[in-house]
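Note: the block below is data.cif and it holds mmCIF, C-alpha atoms.
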```
data_start
#
loop_
_atom_site.label_atom_id
_atom_site.label_comp_id
_atom_site.auth_asym_id
_atom_site.auth_seq_id
_atom_site.Cartn_x
_atom_site.Cartn_y
_atom_site.Cartn_z
CA MET S 729 -24.76 23.33 75.21
CA ASP S 730 -25.02 26.26 77.62
CA HIS S 731 -23.33 29.48 76.73
CA LYS S 732 -20.08 30.16 78.52
CA TYR S 733 -20.30 33.88 79.32
CA GLN S 734 -22.89 35.88 81.25
CA VAL S 735 -23.86 39.53 81.04
CA GLY S 736 -21.17 41.56 82.84
CA ASP S 737 -18.33 39.09 82.16
CA LYS S 738 -15.05 40.58 80.95
CA VAL S 739 -13.91 39.02 77.69
CA LYS S 740 -11.05 39.41 75.24
CA VAL S 741 -11.38 38.97 71.49
CA GLN S 742 -8.88 36.46 70.17
CA LEU S 743 -5.88 37.92 68.38
CA ARG S 744 -5.77 35.76 65.27
CA PHE S 745 -6.21 36.43 61.59
CA PRO S 746 -7.46 33.37 59.74
CA PRO S 747 -8.51 33.73 56.09
CA GLY S 748 -12.16 33.39 55.07
CA HIS S 749 -15.55 34.89 55.78
CA ILE S 750 -15.01 36.14 59.34
CA ARG S 751 -17.64 38.30 61.06
CA THR S 752 -15.34 39.45 63.87
CA PRO S 753 -14.05 42.91 62.86
CA GLU S 754 -10.25 43.11 62.71
CA TYR S 755 -10.14 46.37 64.70
CA LEU S 756 -11.39 44.43 67.75
CA ARG S 757 -8.94 41.52 67.63
CA GLY S 758 -7.06 41.38 70.91
CA LYS S 759 -9.33 44.01 72.54
CA GLU S 760 -11.08 43.63 75.89
CA GLY S 761 -14.77 44.28 76.43
CA VAL S 762 -17.75 43.40 78.61
CA VAL S 763 -20.62 41.09 77.68
CA SER S 764 -23.70 43.29 77.41
CA ARG S 765 -26.34 40.83 76.08
CA TYR S 766 -26.64 37.23 75.03
CA PHE S 767 -28.40 36.89 71.65
CA GLY S 768 -28.85 33.12 71.35
CA GLN S 769 -27.43 30.55 68.95
CA TYR S 770 -26.92 30.90 65.22
CA ARG S 771 -25.38 29.00 62.35
CA ASN S 772 -21.68 29.67 61.91
CA PRO S 773 -21.20 32.18 59.06
CA GLU S 774 -17.59 31.06 58.66
CA LYS S 775 -19.02 27.74 57.40
CA LEU S 776 -22.25 29.00 55.79
CA ALA S 777 -20.22 31.20 53.45
CA TYR S 778 -18.70 28.08 51.89
CA GLY S 779 -21.92 26.16 51.31
CA LYS S 780 -21.74 24.18 54.58
CA ASP S 781 -24.66 23.82 56.98
CA GLY S 782 -23.12 26.12 59.61
CA MET S 783 -23.49 23.53 62.36
CA PRO S 784 -22.90 23.31 65.26
CA LEU S 785 -24.73 26.48 66.25
CA CYS S 786 -22.64 29.27 67.79
CA HIS S 787 -23.48 31.37 70.84
CA LEU S 788 -23.63 35.06 69.96
CA TYR S 789 -22.93 37.88 72.41
CA TRP S 790 -23.18 41.64 72.33
CA VAL S 791 -19.85 42.89 73.64
CA ALA S 792 -19.30 46.51 74.71
CA PHE S 793 -15.89 48.15 74.17
CA PRO S 794 -15.08 51.70 75.32
CA VAL S 795 -14.20 53.52 72.07
CA ASN S 796 -11.07 55.00 73.65
CA ASP S 797 -9.81 51.54 74.71
CA VAL S 798 -9.93 50.35 71.10
CA TRP S 799 -8.16 53.24 69.38
CA ALA S 800 -4.79 54.70 70.39
CA HIS S 801 -5.87 58.14 69.19
CA GLN S 802 -8.74 58.13 71.73
CA PRO S 803 -11.26 59.84 69.47
CA ALA S 804 -14.34 59.72 71.67
CA GLU S 805 -15.81 60.93 74.92
CA GLU S 806 -15.01 58.77 77.91
CA ARG S 807 -18.33 56.90 78.10
CA ASP S 808 -18.75 56.33 74.34
CA LYS S 809 -18.91 52.65 73.43
CA LEU S 810 -18.78 50.23 70.54
CA LEU S 811 -21.33 47.41 70.73
CA VAL S 812 -20.48 44.48 68.52
CA GLU S 813 -21.84 40.95 67.99
CA ILE S 814 -19.12 38.37 68.60
CA TYR S 815 -19.42 34.57 68.47
CA GLU S 816 -18.28 32.59 71.49
CA HIS S 817 -15.42 30.84 69.67
CA TRP S 818 -13.79 34.25 69.18
CA LEU S 819 -13.81 35.12 72.90
CA ASP S 820 -11.64 34.29 75.92
CA SER S 821 -12.17 35.30 79.55
CA ALA S 822 -10.31 38.48 80.43
CA MET Y 1065 -11.67 46.12 18.40
CA VAL Y 1066 -15.34 45.55 19.02
CA THR Y 1067 -17.62 47.73 21.12
CA THR Y 1068 -20.98 46.34 22.03
CA ASN Y 1069 -23.82 46.73 24.46
CA ASP Y 1070 -25.60 43.74 22.98
CA PRO Y 1071 -26.20 41.20 25.76
CA ASN Y 1072 -26.31 38.45 23.13
CA TYR Y 1073 -22.84 39.32 21.87
CA TYR Y 1074 -21.04 36.68 23.87
CA GLN Y 1075 -23.57 34.06 22.85
CA SER Y 1076 -23.46 34.83 19.14
CA HIS Y 1077 -19.66 34.92 18.99
CA LYS Y 1078 -19.12 31.82 21.07
CA GLY Y 1079 -16.10 29.93 19.85
CA GLY Y 1080 -15.34 32.30 17.01
CA GLY Y 1081 -13.47 35.52 16.51
CA ASN Y 1082 -10.12 34.39 17.84
CA GLY Y 1083 -8.25 36.49 15.36
CA HIS Y 1084 -7.19 33.98 12.72
CA SER Y 1085 -8.63 31.40 10.40
CA HIS Y 1086 -8.74 27.71 11.19
CA ASP Y 1087 -7.59 26.87 7.68
CA ASN Y 1088 -4.11 28.21 8.24
CA GLY Y 1089 -2.16 25.00 8.34
CA HIS Y 1090 -2.04 23.93 12.01
CA ASP Y 1091 -4.77 21.60 13.10
CA HIS Y 1092 -5.15 22.01 16.86
CA SER Y 1093 -8.44 23.40 18.03
CA HIS Y 1094 -8.78 26.91 19.46
CA GLU Y 1095 -12.40 26.33 20.44
CA ASP Y 1096 -11.77 25.57 24.10
CA ASP Y 1097 -8.55 27.32 25.03
CA THR Y 1098 -8.92 30.83 23.71
CA VAL Y 1099 -10.64 33.64 25.54
CA GLU Y 1100 -11.68 36.61 23.50
CA ARG Y 1101 -11.13 40.08 24.91
CA VAL Y 1102 -14.04 42.33 24.13
CA GLU Y 1103 -14.09 46.06 24.72
CA HIS Y 1104 -17.45 47.45 25.72
CA ASP Y 1105 -19.10 50.19 27.74
CA LEU Y 1106 -20.32 47.87 30.51
CA ASP Y 1107 -18.73 47.92 33.92
CA TYR Y 1108 -17.67 44.82 35.82
CA PHE Y 1109 -20.91 44.39 37.74
CA GLN Y 1110 -23.15 44.96 34.71
CA VAL Y 1111 -21.38 42.13 32.89
CA ARG Y 1112 -21.54 39.96 35.98
CA VAL Y 1113 -25.27 40.57 36.47
CA MET Y 1114 -25.99 39.87 32.79
CA ALA Y 1115 -24.08 36.59 33.05
CA LEU Y 1116 -25.95 35.62 36.21
CA ILE Y 1117 -29.36 36.44 34.69
CA THR Y 1118 -28.50 34.39 31.61
CA ILE Y 1119 -27.45 31.37 33.66
CA LEU Y 1120 -30.50 31.54 35.96
CA LYS Y 1121 -32.80 31.59 32.92
CA GLU Y 1122 -30.94 28.95 30.90
CA LYS Y 1123 -30.87 26.53 33.82
CA GLY Y 1124 -34.57 27.16 34.45
CA ILE Y 1125 -33.96 28.30 38.03
CA LEU Y 1126 -35.80 31.62 37.70
CA THR Y 1127 -37.91 33.21 35.00
CA THR Y 1128 -37.52 36.83 33.94
CA ASP Y 1129 -40.89 37.56 35.53
CA GLU Y 1130 -39.82 36.06 38.86
CA MET Y 1131 -36.66 38.17 38.85
CA ARG Y 1132 -38.66 41.32 38.03
CA ARG Y 1133 -41.06 40.58 40.89
CA ALA Y 1134 -38.14 40.04 43.28
CA VAL Y 1135 -36.68 43.44 42.36
CA GLU Y 1136 -40.13 44.97 42.77
CA ASP Y 1137 -40.37 43.46 46.27
CA ILE Y 1138 -36.96 44.89 47.21
CA TYR Y 1139 -38.09 48.41 46.31
CA ALA Y 1140 -41.45 47.95 48.05
CA GLN Y 1141 -39.52 47.95 51.35
CA THR Y 1142 -39.12 51.57 52.43
CA PRO Y 1143 -38.37 53.50 55.65
CA ALA Y 1144 -42.10 54.26 55.86
CA ILE Y 1145 -42.50 50.78 57.37
CA GLY Y 1146 -40.04 51.59 60.15
CA SER Y 1147 -41.77 54.93 60.74
CA ARG Y 1148 -45.04 53.09 61.37
CA VAL Y 1149 -43.36 50.96 64.01
CA VAL Y 1150 -41.76 53.94 65.76
CA ALA Y 1151 -44.97 56.01 65.67
CA LYS Y 1152 -46.79 53.12 67.33
CA ALA Y 1153 -44.02 52.81 69.95
CA TRP Y 1154 -44.23 56.54 70.73
CA SER Y 1155 -48.01 56.38 71.10
CA ASP Y 1156 -48.47 53.09 72.90
CA PRO Y 1157 -46.19 52.47 75.94
CA ALA Y 1158 -47.17 48.78 76.14
CA PHE Y 1159 -46.25 48.28 72.48
CA ARG Y 1160 -42.94 50.10 73.09
CA GLU Y 1161 -42.14 47.60 75.87
CA ARG Y 1162 -42.96 44.65 73.62
CA LEU Y 1163 -40.89 46.14 70.77
CA LEU Y 1164 -37.84 46.52 73.00
CA GLU Y 1165 -38.36 43.01 74.39
CA ASN Y 1166 -39.02 41.16 71.12
CA ALA Y 1167 -38.95 43.36 68.05
CA ALA Y 1168 -39.94 40.69 65.52
CA ALA Y 1169 -43.06 39.71 67.48
CA ALA Y 1170 -44.03 43.37 67.92
CA CYS Y 1171 -43.68 43.98 64.17
CA ASP Y 1172 -45.81 40.88 63.54
CA GLU Y 1173 -48.59 42.57 65.53
CA LEU Y 1174 -48.60 45.34 62.91
CA GLY Y 1175 -48.59 42.83 60.06
CA ILE Y 1176 -44.94 43.57 59.25
CA ASP Y 1177 -42.97 40.46 58.29
CA THR Y 1178 -39.34 40.64 59.42
CA SER Y 1179 -38.65 36.92 59.08
CA SER Y 1180 -35.73 37.53 56.69
CA VAL Y 1181 -33.83 38.92 59.70
CA ASN Y 1182 -32.38 36.35 62.12
CA HIS Y 1183 -32.70 38.58 65.18
CA LEU Y 1184 -34.32 42.01 65.03
CA VAL Y 1185 -33.34 44.35 67.86
CA ALA Y 1186 -35.03 47.66 68.71
CA LEU Y 1187 -32.92 50.19 70.62
CA GLU Y 1188 -34.18 53.40 72.14
CA ASN Y 1189 -32.42 56.74 72.04
CA THR Y 1190 -32.96 58.68 75.27
CA ASP Y 1191 -31.61 61.83 76.93
CA GLU Y 1192 -28.79 59.69 78.39
CA VAL Y 1193 -27.92 57.28 75.56
CA HIS Y 1194 -27.68 57.71 71.80
CA TYR Y 1195 -27.34 54.68 69.51
CA MET Y 1196 -26.07 54.83 65.93
CA VAL Y 1197 -25.70 51.87 63.55
CA VAL Y 1198 -22.97 50.92 61.10
CA CYS Y 1199 -21.86 47.72 59.40
CA THR Y 1200 -18.08 47.91 59.10
CA LEU Y 1201 -17.87 44.57 57.28
CA CYS Y 1202 -20.44 45.18 54.52
CA SER Y 1203 -23.89 46.81 54.51
CA CYS Y 1204 -26.06 44.88 57.01
CA TYR Y 1205 -29.26 46.85 57.50
CA PRO Y 1206 -32.83 46.18 58.76
CA ARG Y 1207 -34.20 45.97 55.21
CA PRO Y 1208 -37.75 44.79 56.05
CA LEU Y 1209 -38.19 48.01 58.06
CA LEU Y 1210 -36.00 50.55 56.27
CA GLY Y 1211 -35.61 49.23 52.72
CA SER Y 1212 -32.23 49.34 51.00
CA PRO Y 1213 -29.42 51.18 52.79
CA PRO Y 1214 -28.43 54.66 51.59
CA THR Y 1215 -25.21 55.02 49.59
CA TRP Y 1216 -23.34 56.74 52.42
CA TYR Y 1217 -24.17 53.83 54.75
CA LYS Y 1218 -22.30 51.51 52.38
CA SER Y 1219 -19.38 53.90 51.80
CA PHE Y 1220 -15.89 53.23 53.18
CA PRO Y 1221 -15.64 56.68 54.85
CA TYR Y 1222 -18.79 56.12 56.94
CA ARG Y 1223 -18.02 52.48 57.70
CA SER Y 1224 -14.53 53.26 58.97
CA LYS Y 1225 -15.11 56.61 60.67
CA ALA Y 1226 -18.29 55.53 62.48
CA VAL Y 1227 -16.22 53.26 64.72
CA ALA Y 1228 -12.86 55.12 64.68
CA ASP Y 1229 -14.29 58.62 65.29
CA PRO Y 1230 -18.05 58.31 65.79
CA ARG Y 1231 -18.77 61.91 66.76
CA GLY Y 1232 -16.71 63.02 63.77
CA ALA Y 1233 -18.70 60.71 61.48
CA LEU Y 1234 -21.95 62.20 62.77
CA HIS Y 1235 -20.54 65.71 62.28
CA ASP Y 1236 -19.69 64.82 58.66
CA LEU Y 1237 -23.37 63.95 58.19
CA GLY Y 1238 -24.43 67.28 59.66
CA TYR Y 1239 -25.42 65.99 63.07
CA GLU Y 1240 -23.85 66.86 66.42
CA ALA Y 1241 -24.27 64.17 69.07
CA PRO Y 1242 -25.59 65.85 72.24
CA GLU Y 1243 -22.67 66.72 74.53
CA GLY Y 1244 -22.40 64.55 77.61
CA ILE Y 1245 -24.63 61.85 76.13
CA GLU Y 1246 -23.29 58.28 76.05
CA LEU Y 1247 -22.82 57.47 72.37
CA ARG Y 1248 -23.17 53.78 71.54
CA VAL Y 1249 -22.02 52.72 68.09
CA VAL Y 1250 -23.59 49.44 67.08
CA ASP Y 1251 -21.50 47.52 64.53
CA SER Y 1252 -24.00 45.26 62.77
CA THR Y 1253 -21.67 42.40 61.90
CA ALA Y 1254 -23.49 39.12 62.44
CA ASP Y 1255 -27.09 37.95 62.90
CA CYS Y 1256 -28.76 41.01 64.44
CA ARG Y 1257 -30.30 43.95 62.62
CA TYR Y 1258 -31.11 47.10 64.55
CA LEU Y 1259 -33.97 49.59 64.51
CA ILE Y 1260 -33.35 52.79 66.46
CA ILE Y 1261 -36.35 54.39 68.15
CA PRO Y 1262 -35.44 58.09 68.01
CA ARG Y 1263 -36.22 60.48 70.88
CA ARG Y 1264 -39.74 61.77 70.62
CA PRO Y 1265 -39.49 65.51 69.86
CA LYS Y 1266 -40.65 68.02 72.45
CA GLY Y 1267 -43.88 69.79 71.68
CA THR Y 1268 -45.63 66.67 70.40
CA GLU Y 1269 -47.58 65.88 73.56
CA GLY Y 1270 -51.04 64.65 72.70
CA TRP Y 1271 -50.24 64.15 69.00
CA SER Y 1272 -51.93 61.26 67.25
CA GLU Y 1273 -49.95 58.30 65.94
CA GLU Y 1274 -50.74 59.40 62.38
CA LYS Y 1275 -49.34 62.88 63.01
CA LEU Y 1276 -46.24 61.58 64.80
CA TYR Y 1277 -45.51 59.27 61.87
CA ASN Y 1278 -44.60 62.28 59.70
CA LEU Y 1279 -41.74 63.27 62.02
CA ILE Y 1280 -39.86 59.97 61.82
CA THR Y 1281 -37.08 60.02 59.24
CA ARG Y 1282 -34.96 57.18 57.92
CA ASP Y 1283 -31.75 58.65 59.31
CA SER Y 1284 -33.27 59.04 62.78
CA MET Y 1285 -33.93 55.27 62.71
CA ILE Y 1286 -30.23 54.65 61.84
CA GLY Y 1287 -29.25 56.99 64.67
CA VAL Y 1288 -27.37 59.55 62.59
CA GLY Y 1289 -30.00 62.20 63.19
CA ASP Y 1290 -33.01 63.10 65.29
CA ALA Y 1291 -36.68 62.93 64.37
CA LEU Y 1292 -38.05 66.17 62.95
CA THR Y 1293 -39.30 68.75 65.41
CA PRO Y 1294 -42.80 70.12 64.77
CA ASP Y 1295 -41.19 73.35 63.50
CA GLU Y 1296 -38.89 71.46 61.10
CA PHE Y 1297 -41.83 69.45 59.83
CA GLU Y 1298 -43.86 72.62 59.17
CA ALA Y 1299 -40.88 74.28 57.45
CA ASN Y 1300 -40.35 71.19 55.24
CA ARG Y 1301 -44.01 71.11 54.33
CA ALA Y 1302 -44.05 74.83 53.50
CA ALA Y 1303 -40.95 74.37 51.31
CA LEU Y 1304 -42.64 71.52 49.44
CA VAL Y 1305 -45.75 73.61 48.79
CA GLU Y 1306 -43.65 76.43 47.33
#
```

Please render this file's structure as structure tokens.
Amino acid sequence: MDHKYQVGDKVKVQLRFPPGHIRTPEYLRGKEGVVSRYFGQYRNPEKLAYGKDGMPLCHLYWVAFPVNDVWAHQPAEERDKLLVEIYEHWLDSA
Amino acid sequence: MVTTNDPNYYQSHKGGGNGHSHDNGHDHSHEDDTVERVEHDLDYFQVRVMALITILKEKGILTTDEMRRAVEDIYAQTPAIGSRVVAKAWSDPAFRERLLENAAAACDELGIDTSSVNHLVALENTDEVHYMVVCTLCSCYPRPLLGSPPTWYKSFPYRSKAVADPRGALHDLGYEAPEGIELRVVDSTADCRYLIIPRRPKGTEGWSEEKLYNLITRDSMIGVGDALTPDEFEANRAALVE
């Protein structure tokens, strides 16, 4: 299946907190960013961690978040960014 | 109370030592439902590793020799491998392009096997952009190129501050991110592992790949420092000789 988002698309990380082996950092849940690269498809670590085969494969994106959009205390310079790998099933269009 | 460092202790006391005799009048068995508390000088992970080693051997999954070799292989991976890659990238513009395009294939050219990494990504620090790497979830690290991560990389203070106050985290490590530069913090959370190509120091024009290699430090390839300048390298070397 084709990946849903393209480089430059605005996305929002889903604001949910399921238990388990989740590779989406909590500090980014509910935050908006921009797709910066598409990395291809990988086995789902949320399943691999429990001895499953990790299928179906998940699309993985590099999403850029301005540091000062993520933290209320705005610790960084204006252009400073966080670049984080997020699987497609954790993203919505923003 | 028993204190022991003997790894065979648990084996040799299996089923016994539950504090009273079995000839005391009641006939139910304590063999299966009692757990003995043992005081010892081992920490949690030492006990856990000893248990794991015992099980792997008893089940015939790994021999002691295979485990020793595996540990040996882990420590054979050092940042010197990453330095080779960066020195080549600094010296050979076509290789640099290939490294940025497909890092695993470029490393293959140098005979460096990075197949344990799902997706190796090389990122270049420039006068406009500075990358630094953290893994906020655990300790993901490009081990085939840099070996095992340093203790600070795995520490909670670095892992939290690198994303919540990146310039402060760099300051804590003794490095000031250049003012006005775009700082990009890469949180290594999933399938990618990152190698930073540090800025090539000024005053190294015309240097050979072999000479450049000596300037490339581990921390510059994590992005929490710069490569050594020629002056810093000479000062380090002089200090070593003394």

List as a ChimeraX atom specification the protein and nucleic acid residues near stretch 1250-1262 of chain Y, meaning an atom at most 9 Å away when all atoms listed in the file are counted, but skip any in the same chain fewer than 2 places from it. /S:751-753,767,770,773,788,809-815 /Y:1146,1149-1150,1153-1154,1167,1181-1190,1194-1207,1209-1210,1226-1227,1248,1264-1265,1280,1284-1287,1289-1291

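Residue nearest S:Gly748 within the list S:Leu785, S:Leu776, S:Val763, S:Val735: S:Leu776 [criterion: smallest interatomic distance, only C-alpha atoms].
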
So what does the PyMOL selection byres ((chain S) within 12 of (chain Y)) actually pick up in this one, as a PyMOL selection string? chain S and resi 749-756+765-774+786-815

Quote the spacing between atom CA of S:Ala822 and atom CA of S:Glu760 in Å to one decimal place.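 Result for atom CA of S:Ala822 versus atom CA of S:Glu760: 6.9 Å, one decimal.
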
May I ask for the distance between atom CA of Y:Met1131 and atom CA of Y:Ser1212, given in Å to one decimal place? 17.1 Å
